[in-house]
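So the structure is just underneath, and the comments pick up after that.
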Amino acid sequence: MRDKNGEYKKNITKKSVYIFLTFFWYDCHQVEGDKNEMNKTIGKEQQQKPILYVTKIFEFHAAHFLKSHNGKCAQLHGHTYKLEVTCAGHMNENGIVIDFGDVEHYVNMFIIEVLDHTCLNNIKQFEDNPTAEKLAYFIYNTLNEIDIPLKVTEVKVWETPTSYATYKGELM
Ligand SMILES: [Zn+2]
C-alpha cells in the first residue's frame with residue numbers, strides 16, 4: 001500500500017511492535033547476563049581495590065636567596081616552611097594505608113633533618129636557586145628513591161601562608 005507521496009507504508013501492527021520489543025529486550029538482557037557471568041569468573045582478587053591518600057604536615061625553618069631573582073628574594077632571608085607529604089595506597093585489614101607515625105618518622109629522618117635550620121643554597125641539587133618548586137621536586141624524588149615503605153604521590157611546600165608549590169610526579 002502506498003500513500004499520497006508514493007512512499008511505501010509498512011503494515012505495522014501493535015502485535016509486530018510488541019514482538020520486536022520483546023526480542024530487543026531479550027537481546028539487551030542477554031548481554032547484561034553474559035557480563036555478570038564474566039565478572040563472577042574474573043574473581044574478587046582482580047577487581048580494583050580503592051586507592052586512598054593520607055597526608056602529614058610538617059614545618060621547618062631555613063634560609064635562602066635566589067641568585068637569579070630580580071627583586072628582594074635575591075637577598076639572604078628566611079622562611080618558616082610548611083611541608084605537606086601525601087602518600088597513596090590500599091587499606092590493610094585494619095583500614096590503614098600507612099601509619100601516620102611511619103610517615104612522620106621517614107620524613108623527619110630524610111627531609112626535615114637535612115633541611116631544617118640550614119641555608120638551602122648549600123644543598124647542591126638546588127644550584128643556588130632553592131625555590132619552593134625545586135624543594136617540592138627534591139623532596140618528592142628523595143622520598144620515592146630511598147628504600148622506605150612510602151608511595152609518595154604529592155608534595156606541597158608552603159613558602160609563606162599564601163604561597164606554595166606542588167609536585168605530583170609525572171603525569172600519566
Ligand atoms: Zn624566600
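In the C-alpha cells, the first chain shown is A, the next is B, and so on; residue numbers restart at 1 for each chain, and ligands run from 1 in the order shown.
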Would you mind listing what lies within 10 Å of Thr80 of chain A as a list in words, with only C-alpha atoms counted and same-chain residues fewer than 2 positions away left out? Glu59, Phe60, His61, Ala62, Ala63, Gly78, Lys82, Leu83, Asp116, His117, Trp158, Glu159, Thr160 and Pro161 of chain A
Dump the neighbourhood of ligand 1 as a list in words: all residues within 9 Å, distances computed on only C-alpha atoms and all ligand atoms.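 The residues within 9 Å of ligand 1, counting only C-alpha atoms and all ligand atoms, are Ala63, His64, Phe65, Leu66, Lys72, Cys73, Ala74, Gln75, Leu76, His77, Gly78, His79, Pro130, Thr131, Ala132, Glu159 and Thr160 of chain A.
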Write the residues of the preceding selection, restricted to C-alpha atoms, as a PDB file, in the first residue's frame.
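Heads up, here's the output in part19.pdb:
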```pdb
ATOM      1  CA  ALA A  63      67.356  30.494  54.890  1.00  0.00           C
ATOM      2  CA  HIS A  64      67.857  31.018  51.179  1.00  0.00           C
ATOM      3  CA  PHE A  65      68.478  33.545  48.457  1.00  0.00           C
ATOM      4  CA  LEU A  66      67.597  33.285  44.792  1.00  0.00           C
ATOM      5  CA  LYS A  72      64.077  41.208  47.162  1.00  0.00           C
ATOM      6  CA  CYS A  73      64.415  37.417  47.084  1.00  0.00           C
ATOM      7  CA  ALA A  74      67.976  37.797  45.802  1.00  0.00           C
ATOM      8  CA  GLN A  75      68.888  38.863  49.372  1.00  0.00           C
ATOM      9  CA  LEU A  76      69.550  36.300  52.077  1.00  0.00           C
ATOM     10  CA  HIS A  77      66.350  35.798  54.103  1.00  0.00           C
ATOM     11  CA  GLY A  78      64.475  33.069  55.936  1.00  0.00           C
ATOM     12  CA  HIS A  79      61.122  31.257  55.855  1.00  0.00           C
ATOM     13  CA  PRO A 130      66.207  26.982  46.079  1.00  0.00           C
ATOM     14  CA  THR A 131      62.687  27.935  45.081  1.00  0.00           C
ATOM     15  CA  ALA A 132      59.590  26.318  46.613  1.00  0.00           C
ATOM     16  CA  GLU A 159      56.951  29.295  51.482  1.00  0.00           C
ATOM     17  CA  THR A 160      54.503  31.756  53.027  1.00  0.00           C
TER      18      THR A 160
END
```
Give me the residues within 10 Å of segment 100-113 of chain A as a PyMOL selection string, counting only C-alpha atoms and dropping any in the same chain fewer than 2 places off. chain A and resi 54-61+83+85-87+96-98+115-118+138-140+142-143+146+148-150+152
For C-alpha atoms, I'd like the residues from the last selection saved as an mmCIF file, in the first residue's frame.
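Resulting contents of result-v2.cif:
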```
data_model
loop_
_atom_site.group_PDB
_atom_site.id
_atom_site.type_symbol
_atom_site.label_atom_id
_atom_site.label_comp_id
_atom_site.auth_asym_id
_atom_site.auth_seq_id
_atom_site.Cartn_x
_atom_site.Cartn_y
_atom_site.Cartn_z
ATOM 1 C CA VAL A 54 46.953 10.151 53.528
ATOM 2 C CA THR A 55 48.712 13.424 54.248
ATOM 3 C CA LYS A 56 51.060 14.514 57.015
ATOM 4 C CA ILE A 57 52.047 18.146 57.636
ATOM 5 C CA PHE A 58 55.498 19.325 58.786
ATOM 6 C CA GLU A 59 57.299 22.562 59.459
ATOM 7 C CA PHE A 60 60.918 23.592 59.132
ATOM 8 C CA HIS A 61 62.935 26.781 59.145
ATOM 9 C CA LEU A 83 55.532 20.835 54.074
ATOM 10 C CA VAL A 85 53.523 14.942 52.135
ATOM 11 C CA THR A 86 50.766 12.782 50.647
ATOM 12 C CA CYS A 87 51.080 9.005 50.296
ATOM 13 C CA ILE A 96 45.044 1.759 57.345
ATOM 14 C CA VAL A 97 47.019 2.779 54.244
ATOM 15 C CA ILE A 98 50.174 3.768 56.146
ATOM 16 C CA LEU A 115 66.753 20.938 55.565
ATOM 17 C CA ASP A 116 65.867 22.404 58.973
ATOM 18 C CA HIS A 117 67.951 25.401 60.127
ATOM 19 C CA THR A 118 70.148 25.360 57.051
ATOM 20 C CA PHE A 138 63.593 17.432 45.540
ATOM 21 C CA ILE A 139 61.505 16.153 48.461
ATOM 22 C CA TYR A 140 59.230 14.078 46.214
ATOM 23 C CA THR A 142 64.173 11.864 47.639
ATOM 24 C CA LEU A 143 61.276 10.098 49.381
ATOM 25 C CA ILE A 146 65.084 5.754 49.031
ATOM 26 C CA ILE A 148 61.165 3.104 52.550
ATOM 27 C CA PRO A 149 57.573 1.816 52.580
ATOM 28 C CA LEU A 150 56.021 5.102 51.398
ATOM 29 C CA VAL A 152 54.545 9.488 47.889
#
```
Residue list (strand (DSSP E), DSSP) for segment 82-142 of chain A, as a list in words: Lys82, Leu83, Glu84, Val85, Thr86, Cys87, Ala88, Gly89, Thr118 and Cys119 of chain A
Restricted to N, CA and C atoms, what would the selected residues look like written as a CSV table (one decimal), in the first residue's frame?
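Dumped to selection-v5.csv:
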```csv
chain,number,residue,atom,x,y,z
A,82,LYS,N,56.2,25.3,55.4
A,82,LYS,CA,55.2,24.2,55.8
A,82,LYS,C,55.3,23.2,54.6
A,83,LEU,N,55.4,21.9,55.0
A,83,LEU,CA,55.5,20.8,54.1
A,83,LEU,C,54.4,19.8,54.2
A,84,GLU,N,53.7,19.5,53.1
A,84,GLU,CA,52.7,18.5,53.1
A,84,GLU,C,53.1,17.3,52.3
A,85,VAL,N,53.1,16.2,52.9
A,85,VAL,CA,53.5,14.9,52.1
A,85,VAL,C,52.3,14.0,52.1
A,86,THR,N,51.9,13.7,50.9
A,86,THR,CA,50.8,12.8,50.6
A,86,THR,C,51.2,11.4,50.1
A,87,CYS,N,50.8,10.4,50.7
A,87,CYS,CA,51.1,9.0,50.3
A,87,CYS,C,49.8,8.3,49.8
A,88,ALA,N,49.9,7.4,48.9
A,88,ALA,CA,48.8,6.6,48.4
A,88,ALA,C,48.9,5.2,48.6
A,89,GLY,N,47.8,4.5,48.7
A,89,GLY,CA,47.9,3.0,48.8
A,89,GLY,C,46.5,2.4,49.1
A,118,THR,N,69.0,25.3,58.0
A,118,THR,CA,70.1,25.4,57.1
A,118,THR,C,70.0,26.6,56.1
A,119,CYS,N,71.0,26.8,55.4
A,119,CYS,CA,70.9,27.7,54.2
A,119,CYS,C,70.7,26.8,53.0
```
Counting only C-alpha atoms, closest pick from A:Thr153, A:Ser163, A:His90, A:Asp128 relative to Gln48 of chain A is A:His90
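Across the structure, atom CA of Met91 of chain A and atom CA of Asn144 of chain A are spaced 19.7 Å apart.
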From the DSSP assignment of the backbone, select every residue of segment 49-148 of chain A that is alpha helix (DSSP H), and format the answer as a ChimeraX atom specification. /A:100-107,113-115,132-145
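Counting only C-alpha atoms and comparing A:Val157, A:Val114, A:Ile123, A:Ala136, the residue that lies closest to Gly169 of chain A is A:Ala136.
Reported to one decimal place, the separation of atom CA of Thr162 of chain A from atom CA of Tyr81 of chain A is 11.4 Å.
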